[in-house]
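Participant: If it helps, the file is called start09.csv and holds CSV, C-alpha atoms:
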chain,number,residue,atom,x,y,z
A,239,MET,CA,25.6,98.1,16.2
A,240,PHE,CA,23.9,96.8,19.3
A,241,PRO,CA,22.0,93.5,19.2
A,242,VAL,CA,18.2,93.9,19.0
A,243,PRO,CA,16.9,92.6,22.4
A,244,LEU,CA,14.5,89.7,22.5
A,245,THR,CA,11.1,90.5,24.0
A,246,PRO,CA,7.9,88.4,24.8
A,247,GLY,CA,6.1,87.4,21.6
A,248,CYS,CA,9.1,88.0,19.3
A,249,LEU,CA,10.0,84.3,18.9
A,250,SER,CA,8.0,82.1,16.5
A,251,ARG,CA,8.5,78.4,16.1
A,252,GLU,CA,9.9,77.0,12.9
A,253,ARG,CA,10.3,73.5,11.5
A,254,ASP,CA,12.0,71.2,14.0
A,255,LEU,CA,15.6,70.3,13.1
A,256,ARG,CA,16.4,66.6,12.9
A,257,VAL,CA,19.4,65.4,14.9
A,258,THR,CA,19.2,61.7,13.9
A,259,SER,CA,18.6,59.6,10.8
A,260,GLY,CA,15.9,57.0,10.6
A,261,GLU,CA,14.4,55.8,13.9
A,262,GLU,CA,17.6,56.5,15.9
A,263,LEU,CA,17.1,58.3,19.2
A,264,ILE,CA,19.6,60.6,21.0
A,265,VAL,CA,19.8,62.6,24.2
A,266,THR,CA,20.9,66.1,23.3
A,267,GLN,CA,23.3,67.2,26.0
A,268,ASP,CA,24.4,70.5,24.5
A,269,ILE,CA,24.1,72.7,21.3
A,270,ALA,CA,26.7,75.0,19.8
A,271,VAL,CA,25.9,77.2,16.7
A,272,VAL,CA,28.9,77.1,14.3
A,273,SER,CA,27.3,79.3,11.7
A,274,SER,CA,23.9,80.4,10.4
A,275,SER,CA,23.7,77.0,8.7
A,276,ARG,CA,25.7,74.6,10.9
A,277,VAL,CA,25.0,73.4,14.4
A,278,LEU,CA,26.9,71.1,16.7
A,279,VAL,CA,25.1,68.7,19.0
A,280,THR,CA,26.5,66.4,21.6
A,281,ASP,CA,24.7,63.0,22.0
A,282,GLY,CA,24.9,61.4,25.4
A,283,VAL,CA,23.4,58.1,24.3
A,284,ASN,CA,25.4,57.1,21.2
A,285,HIS,CA,28.6,58.9,22.4
A,286,THR,CA,28.8,61.2,19.3
A,287,VAL,CA,29.1,64.8,18.3
A,288,ARG,CA,26.9,65.6,15.3
A,289,LEU,CA,27.2,68.5,12.8
A,290,LEU,CA,23.8,69.5,11.4
A,291,ASP,CA,22.8,71.4,8.4
A,292,SER,CA,20.1,73.6,9.8
A,293,GLN,CA,18.9,74.8,6.4
A,294,GLY,CA,18.9,71.4,4.7
A,295,ASP,CA,17.7,69.6,7.8
A,296,LYS,CA,20.2,66.8,7.7
A,297,ILE,CA,23.3,65.4,9.5
A,298,VAL,CA,26.5,66.3,7.6
A,299,SER,CA,29.0,64.7,9.9
A,300,LYS,CA,29.0,62.4,12.9
A,301,LEU,CA,32.0,61.8,15.1
A,302,PRO,CA,32.2,58.9,17.6
A,303,LEU,CA,33.8,59.8,20.9
A,304,SER,CA,35.5,57.5,23.5
A,305,SER,CA,32.9,58.1,26.2
A,306,ARG,CA,29.7,60.0,27.0
A,307,PRO,CA,29.9,63.7,26.0
A,308,GLN,CA,28.3,66.5,27.9
A,309,ARG,CA,28.9,70.2,27.1
A,310,VAL,CA,30.5,71.7,24.0
A,311,CYS,CA,31.9,75.2,23.3
A,312,LEU,CA,33.4,76.7,20.2
A,313,LEU,CA,37.0,77.9,20.0
A,314,ARG,CA,38.5,80.5,17.7
A,315,ASP,CA,40.6,78.3,15.4
A,316,ARG,CA,37.8,76.2,13.8
A,317,ARG,CA,37.8,73.9,16.8
A,318,ALA,CA,35.4,72.9,19.6
A,319,ALA,CA,35.9,71.5,23.1
A,320,VAL,CA,33.7,68.8,24.6
A,321,THR,CA,33.6,67.6,28.2
A,322,LEU,CA,33.9,63.9,28.8
A,323,PRO,CA,33.0,63.5,32.5
A,324,ASP,CA,33.4,59.8,32.8
A,325,GLN,CA,37.0,60.0,31.6
A,326,LYS,CA,37.7,63.4,33.3
A,327,ARG,CA,38.8,64.8,30.0
A,328,ILE,CA,38.4,67.6,27.6
A,329,GLN,CA,38.2,66.4,24.0
A,330,PHE,CA,39.2,68.9,21.2
A,331,ILE,CA,37.4,68.6,17.9
A,332,ARG,CA,38.3,70.2,14.6
A,333,VAL,CA,35.5,71.5,12.5
A,334,ASP,CA,36.8,71.7,9.0
A,335,GLY,CA,33.9,72.6,6.7
A,336,ASP,CA,31.5,69.7,7.0
A,337,THR,CA,34.1,67.4,8.5
A,338,LEU,CA,34.6,66.6,12.2
A,339,SER,CA,37.8,65.1,13.5
A,340,LEU,CA,39.5,64.5,16.8
A,341,ASP,CA,42.2,67.1,17.6
A,342,GLY,CA,43.8,66.1,20.9
A,343,SER,CA,42.7,66.1,24.5
A,344,ILE,CA,43.7,67.1,28.0
A,345,ASP,CA,43.0,65.4,31.3
A,346,VAL,CA,41.4,67.3,34.2
A,347,LYS,CA,41.1,66.6,37.9
A,348,GLY,CA,37.5,65.7,38.5
A,349,THR,CA,34.1,65.1,36.9
A,350,VAL,CA,34.0,67.9,34.5
A,351,ILE,CA,30.6,69.0,33.2
A,352,GLY,CA,30.3,72.6,32.0
A,353,ILE,CA,32.6,74.4,29.6
A,354,ALA,CA,32.9,77.8,28.0
A,355,ARG,CA,35.6,79.7,26.2
A,356,HIS,CA,36.9,82.9,27.9
A,357,THR,CA,39.4,84.7,25.6
A,358,ASN,CA,42.3,82.2,25.3
A,359,HIS,CA,41.1,80.1,28.3
A,360,LEU,CA,38.4,77.7,29.2
A,361,ILE,CA,36.0,77.9,32.1
A,362,LEU,CA,35.2,74.5,33.5
A,363,SER,CA,32.6,73.4,36.1
A,364,TYR,CA,32.7,70.2,38.1
A,365,GLN,CA,30.2,68.1,40.1
A,366,ASP,CA,30.8,66.3,43.4
A,367,PRO,CA,31.7,68.7,44.7
A,368,GLY,CA,30.6,71.7,42.7
A,369,ARG,CA,33.5,74.0,41.7
A,370,LEU,CA,34.9,76.1,38.9
A,371,GLU,CA,38.3,76.4,37.2
A,372,LYS,CA,39.8,78.7,34.6
A,373,ILE,CA,42.5,76.8,32.6
A,374,THR,CA,44.7,77.4,29.6
A,375,MET,CA,44.2,75.4,26.4
A,376,ASN,CA,47.0,73.2,27.6
A,377,GLY,CA,45.3,72.4,30.9
A,378,GLY,CA,47.1,74.7,33.2
A,379,VAL,CA,44.9,76.0,36.0
A,380,THR,CA,45.0,79.8,36.5
A,381,HIS,CA,42.0,80.4,38.8
A,382,GLN,CA,39.8,78.2,41.0
A,383,LEU,CA,36.6,78.7,42.9
A,384,ASN,CA,35.7,76.1,45.4
A,385,TYR,CA,34.8,75.6,49.0
A,386,HIS,CA,38.3,76.3,50.1
A,387,THR,CA,38.9,79.5,48.1
A,388,ALA,CA,35.4,80.9,48.8
A,389,GLY,CA,35.1,79.8,52.4
A,390,ARG,CA,31.6,78.3,51.7
A,391,GLU,CA,29.9,76.1,49.2
A,392,LEU,CA,28.8,78.2,46.3
A,393,PHE,CA,27.7,75.6,43.8
A,394,LYS,CA,26.0,72.2,43.9
A,395,CYS,CA,25.2,71.4,40.2
A,396,PRO,CA,26.8,74.1,38.0
A,397,PHE,CA,25.9,72.3,34.8
A,398,PHE,CA,25.9,75.1,32.2
A,399,ILE,CA,28.2,78.1,31.5
A,400,THR,CA,28.2,81.0,29.1
A,401,THR,CA,30.4,84.1,28.7
A,402,SER,CA,29.6,87.6,27.4
A,403,HIS,CA,31.7,89.7,25.1
A,404,ASP,CA,32.6,92.1,27.9
A,405,GLY,CA,34.3,89.2,29.9
A,406,ASN,CA,31.6,88.2,32.3
A,407,ILE,CA,30.9,84.5,33.1
A,408,PHE,CA,27.5,83.1,33.9
A,409,ILE,CA,26.8,79.8,35.7
A,410,ALA,CA,23.4,78.1,35.9
A,411,ASP,CA,23.1,75.8,39.0
A,412,SER,CA,20.3,73.3,38.5
A,413,ARG,CA,20.0,72.4,42.2
A,414,THR,CA,20.1,75.8,43.8
A,415,ASN,CA,18.1,77.5,41.0
A,416,ILE,CA,20.7,80.4,41.1
A,417,ILE,CA,22.3,82.1,38.1
A,418,SER,CA,25.7,83.5,39.2
A,419,GLN,CA,27.6,86.2,37.4
A,420,LEU,CA,31.4,86.1,37.8
A,421,ASP,CA,34.3,88.3,36.6
A,422,GLN,CA,37.3,87.0,34.7
A,423,ASN,CA,39.0,86.1,38.0
A,424,LEU,CA,36.1,83.8,39.1
A,425,GLN,CA,34.9,86.3,41.7
A,426,VAL,CA,31.1,86.3,42.1
A,427,VAL,CA,29.7,89.7,41.1
A,428,GLN,CA,26.0,89.1,41.6
A,429,THR,CA,23.4,86.4,41.6
A,430,PHE,CA,19.9,86.1,40.1
A,431,THR,CA,16.9,84.0,41.1
A,432,SER,CA,13.2,84.0,40.2
A,433,PRO,CA,10.2,81.9,41.3
A,434,MET,CA,9.5,81.3,37.6
A,435,LEU,CA,12.8,79.5,37.2
A,436,THR,CA,13.4,76.0,38.6
A,437,LYS,CA,16.2,73.6,37.6
A,438,PRO,CA,18.0,76.0,35.2
A,439,ALA,CA,19.9,74.3,32.5
A,440,GLY,CA,21.1,75.8,29.2
A,441,ILE,CA,22.1,79.4,29.3
A,442,VAL,CA,23.3,81.7,26.5
A,443,THR,CA,24.2,85.3,26.1
A,444,VAL,CA,22.3,87.4,23.5
A,445,SER,CA,24.1,90.6,24.5
A,446,ASN,CA,26.3,91.8,27.4
A,447,THR,CA,23.1,92.5,29.5
A,448,GLN,CA,20.6,89.9,28.1
A,449,LEU,CA,20.7,86.2,28.6
A,450,LEU,CA,18.4,83.3,27.9
A,451,VAL,CA,17.9,80.6,30.5
A,452,ALA,CA,16.2,77.2,30.1
A,453,GLY,CA,14.1,76.2,33.0
A,454,SER,CA,14.1,72.4,32.9
A,455,ASP,CA,11.5,71.9,35.7
A,456,SER,CA,9.6,75.2,35.1
A,457,LYS,CA,9.3,74.2,31.5
A,458,ASN,CA,10.1,77.6,30.0
A,459,ILE,CA,12.7,79.9,28.4
A,460,LEU,CA,13.3,83.1,30.4
A,461,GLU,CA,15.0,86.3,29.4
A,462,LEU,CA,17.4,87.6,32.1
A,463,ASP,CA,18.2,91.3,32.2
A,464,THR,CA,21.4,91.5,34.2
A,465,THR,CA,21.1,95.3,34.7
A,466,THR,CA,17.8,94.9,36.6
A,467,GLY,CA,17.9,91.2,37.6
A,468,SER,CA,14.5,90.7,36.2
A,469,MET,CA,13.5,87.5,34.4
A,470,THR,CA,10.7,87.5,31.8
A,471,PRO,CA,9.1,84.4,30.2
A,472,LEU,CA,9.8,84.2,26.4
A,473,LEU,CA,8.7,80.7,25.6
A,474,GLY,CA,6.5,78.1,27.3
A,475,LYS,CA,4.3,75.1,26.8
A,476,ALA,CA,2.1,77.0,24.2
A,477,LYS,CA,5.2,77.3,22.0
A,478,GLY,CA,6.3,73.7,22.3
A,479,ILE,CA,8.6,73.9,25.3
A,480,GLN,CA,8.5,70.7,27.3
A,481,VAL,CA,11.6,70.0,29.4
A,482,PRO,CA,14.2,72.3,27.9
A,483,TRP,CA,17.8,71.3,28.6
A,484,ALA,CA,20.3,72.7,26.0
A,485,LEU,CA,20.1,75.9,23.9
A,486,ASP,CA,22.1,78.2,21.8
A,487,TRP,CA,21.5,81.4,19.9
A,488,CYS,CA,22.6,82.4,16.4
A,489,PRO,CA,23.1,86.2,16.2
A,490,VAL,CA,23.3,86.1,12.4
A,491,SER,CA,20.1,84.3,11.6
A,492,ARG,CA,18.5,85.3,15.0
A,493,LYS,CA,17.4,81.8,15.6
A,494,LEU,CA,17.2,79.9,18.9
A,495,TYR,CA,17.9,76.2,19.1
A,496,VAL,CA,16.4,74.2,22.0
A,497,GLY,CA,17.1,70.6,22.9
A,498,PHE,CA,15.0,68.7,25.4
A,499,GLY,CA,15.7,66.1,28.1
A,500,GLY,CA,14.9,62.5,27.2
A,501,TYR,CA,15.2,60.5,23.9
A,502,LYS,CA,14.5,62.7,20.9
A,503,THR,CA,15.0,62.8,17.1
A,504,THR,CA,14.7,66.6,16.8
A,505,ILE,CA,15.5,69.9,18.4
A,506,ASN,CA,13.2,72.9,18.3
A,507,VAL,CA,14.0,76.0,16.3
A,508,TYR,CA,12.6,79.5,17.0
A,509,SER,CA,13.2,82.7,14.9
A,510,SER,CA,13.0,86.3,16.0
A,511,LYS,CA,10.6,88.6,14.3
Take the structure in the file and give it back as structure tokens.

Facilitator:
Amino acid sequence: MFPVPLTPGCLSRERDLRVTSGEELIVTQDIAVVSSSRVLVTDGVNHTVRLLDSQGDKIVSKLPLSSRPQRVCLLRDRRAAVTLPDQKRIQFIRVDGDTLSLDGSIDVKGTVIGIARHTNHLILSYQDPGRLEKITMNGGVTHQLNYHTAGRELFKCPFFITTSHDGNIFIADSRTNIISQLDQNLQVVQTFTSPMLTKPAGIVTVSNTQLLVAGSDSKNILELDTTTGSMTPLLGKAKGIQVPWALDWCPVSRKLYVGFGGYKTTINVYSSK
């Protein structure tokens, strides 16, 4: 069965999902949907990863980390991987029911920001300078894409990464406003831009040919059709989009979770008709 594509007007706003308790504030750096009722959020202020009950609207687990987390991706064996740029480290986390626990880590060479799982590997993005790596779960580098391998500077701020089921890799560069599609060997296949998209941030695949991209400065969520290269606005200010930063899509519940820049107590939730 093919996923039902998202089209303009198909997303309606639901009740916001709390990511804090009491008056506590966090900065949502990234979101990863674990299941139709569980969502992981990385908190860049309090240095935690939080597991949320999206149906009961509550925090079910909160795990302190050794430094500021950025991006998070899910792995196959009930684990997740979180980037810790200040320590140049990937922290693995076990997600056992409603319990989060530390599950080892690996050190990397540079200020690692973005992360995504690609089969049995991880795709990492770095800042200063912008570059990409494909590594094993033990940290062994299998492919690199940087100034030296490409012969030119391809990335400046490649902050968010997503992958599709057919093996493609997509990078959102928040400084160049370019979405790049790469193959499994980190070769650039094609690039996408639009005057409607400025400072792209969170990016997620809905299907092999449809992605959602958060425009942080353009204050919108766009649908990107990789077969045509067209970008279509799905959400904007009228639907509560302010400065969208992180997002993830649940294919089971057909819900979109959106986190915003700045100090917040909630993330937005949208459901597909």

Participant: Between CA of Arg256 in chain A and CA of Thr503 in chain A, what is the distance, to one decimal in Å?

Facilitator: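 Atom-to-atom, CA of Arg256 in chain A and CA of Thr503 in chain A are spaced 5.8 Å apart.
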
Participant: Need the shell around Val320 in chain A: protein/DNA/RNA residues with any atom at most 10 Å away, counting only C-alpha atoms. Skip same-chain ones fewer than 4 positions apart. Format as a ChimeraX atom specification?

Facilitator: /A:268,280,287,303,306-312,327-331,343,350-354

Participant: Given only C-alpha atoms as the basis, pick out the residue of A:Ser274, A:Thr258, A:Gln419, A:Ser454 nearest to Tyr495 in chain A.

Facilitator: A:Ser274

Participant: Could you tell me which of A:Ile264, A:Val271, A:Val346, A:Ala319 comes closest to Arg492 in chain A if we count all atoms listed in the file?

Facilitator: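 Going through A:Ile264, A:Val271, A:Val346, A:Ala319 one by one, the smallest distance to Arg492 in chain A is for A:Val271.
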
Participant: Counting all atoms listed in the file, what is within 12 Å of Ser259 in chain A, bar same-chain residues fewer than 6 positions away, as an mmCIF file with C-alpha atoms, keeping the file's coordinate frame?

Facilitator:
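After the write, selection.cif holds the following:
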data_model
loop_
_atom_site.group_PDB
_atom_site.id
_atom_site.type_symbol
_atom_site.label_atom_id
_atom_site.label_comp_id
_atom_site.auth_asym_id
_atom_site.auth_seq_id
_atom_site.Cartn_x
_atom_site.Cartn_y
_atom_site.Cartn_z
ATOM 1 C CA ARG A 288 26.900 65.600 15.300
ATOM 2 C CA LEU A 290 23.800 69.500 11.400
ATOM 3 C CA ASP A 295 17.700 69.600 7.800
ATOM 4 C CA LYS A 296 20.200 66.800 7.700
ATOM 5 C CA ILE A 297 23.300 65.400 9.500
ATOM 6 C CA VAL A 298 26.500 66.300 7.600
ATOM 7 C CA SER A 299 29.000 64.700 9.900
ATOM 8 C CA LYS A 300 29.000 62.400 12.900
ATOM 9 C CA LYS A 502 14.500 62.700 20.900
ATOM 10 C CA THR A 503 15.000 62.800 17.100
ATOM 11 C CA THR A 504 14.700 66.600 16.800
#

Participant: Identify which of the residues A:Pro241, A:Pro482, A:Gly368, A:Gly342 lies closest to Lys394 in chain A, counting only C-alpha atoms when measuring atom-to-atom distances.

Facilitator: A:Gly368

Participant: Could you work out how far CA of Cys488 in chain A lies from CA of Ser273 in chain A, giving the answer in Å with one decimal?

Facilitator: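 According to the coordinates, CA of Ser273 in chain A and CA of Cys488 in chain A are separated by 7.3 Å.
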
Participant: Which neighbours of Val496 in chain A fall inside 12 Å, counting only C-alpha atoms, when residues of the same chain fewer than 6 positions from it are skipped, and could you give them as a PyMOL selection string?

Facilitator: chain A and resi 251-252+254-257+266-271+277+279+439-442+450-454+457-459+473-474+477-488+502+504-509

Participant: Got time to write the residues from that selection, C-alpha atoms, as a compact mmCIF listing (two decimals), in the frame of the given file?

Facilitator:
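File produced: selection_1.txt:
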# COMPACT_ATOMS: atom_id res chain seq x y z
CA ARG A 251 8.50 78.40 16.10
CA GLU A 252 9.90 77.00 12.90
CA ASP A 254 12.00 71.20 14.00
CA LEU A 255 15.60 70.30 13.10
CA ARG A 256 16.40 66.60 12.90
CA VAL A 257 19.40 65.40 14.90
CA THR A 266 20.90 66.10 23.30
CA GLN A 267 23.30 67.20 26.00
CA ASP A 268 24.40 70.50 24.50
CA ILE A 269 24.10 72.70 21.30
CA ALA A 270 26.70 75.00 19.80
CA VAL A 271 25.90 77.20 16.70
CA VAL A 277 25.00 73.40 14.40
CA VAL A 279 25.10 68.70 19.00
CA ALA A 439 19.90 74.30 32.50
CA GLY A 440 21.10 75.80 29.20
CA ILE A 441 22.10 79.40 29.30
CA VAL A 442 23.30 81.70 26.50
CA LEU A 450 18.40 83.30 27.90
CA VAL A 451 17.90 80.60 30.50
CA ALA A 452 16.20 77.20 30.10
CA GLY A 453 14.10 76.20 33.00
CA SER A 454 14.10 72.40 32.90
CA LYS A 457 9.30 74.20 31.50
CA ASN A 458 10.10 77.60 30.00
CA ILE A 459 12.70 79.90 28.40
CA LEU A 473 8.70 80.70 25.60
CA GLY A 474 6.50 78.10 27.30
CA LYS A 477 5.20 77.30 22.00
CA GLY A 478 6.30 73.70 22.30
CA ILE A 479 8.60 73.90 25.30
CA GLN A 480 8.50 70.70 27.30
CA VAL A 481 11.60 70.00 29.40
CA PRO A 482 14.20 72.30 27.90
CA TRP A 483 17.80 71.30 28.60
CA ALA A 484 20.30 72.70 26.00
CA LEU A 485 20.10 75.90 23.90
CA ASP A 486 22.10 78.20 21.80
CA TRP A 487 21.50 81.40 19.90
CA CYS A 488 22.60 82.40 16.40
CA LYS A 502 14.50 62.70 20.90
CA THR A 504 14.70 66.60 16.80
CA ILE A 505 15.50 69.90 18.40
CA ASN A 506 13.20 72.90 18.30
CA VAL A 507 14.00 76.00 16.30
CA TYR A 508 12.60 79.50 17.00
CA SER A 509 13.20 82.70 14.90

Participant: Rounded to one decimal, what separation in Å do you get between CA of Leu244 in chain A and CA of His356 in chain A?

Facilitator: 24.0 Å

Participant: Identify which of the residues A:Gly335, A:Pro471, A:Gly377, A:Gly405 lies closest to Arg276 in chain A, counting only C-alpha atoms when measuring atom-to-atom distances.

Facilitator: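 Looking only at the distances to Arg276 in chain A, the closest residue turns out to be A:Gly335.
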
Participant: If we draw a sphere of 12 Å around (33.8, 86.5, 39.9), which residues have at least one atom in it when counting only C-alpha atoms? Please report them as a list in words.

Facilitator: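 Every polymer residue passing the test: Ile361, Leu370, Glu371, Lys372, His381, Gln382, Leu383, Asn384, Thr387, Ala388, Leu392, Thr401, Gly405, Asn406, Ile407, Phe408, Ile409, Ser418, Gln419, Leu420, Asp421, Gln422, Asn423, Leu424, Gln425, Val426, Val427, Gln428 and Thr429 of chain A.
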
Participant: Counting only C-alpha atoms, which residue out of A:Leu338, A:Val265, A:Leu494, A:Ile399 sits closest to Leu301 in chain A?

Facilitator: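 Of A:Leu338, A:Val265, A:Leu494, A:Ile399, the one nearest Leu301 in chain A is A:Leu338, counting only C-alpha atoms.
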
Participant: For Asn446 in chain A, which of A:Ser339, A:Leu289, A:Asp411, A:Val242 is the closest residue, counting all atoms listed in the file?

Facilitator: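 That would be A:Val242, the residue with the smallest distance to Asn446 in chain A.
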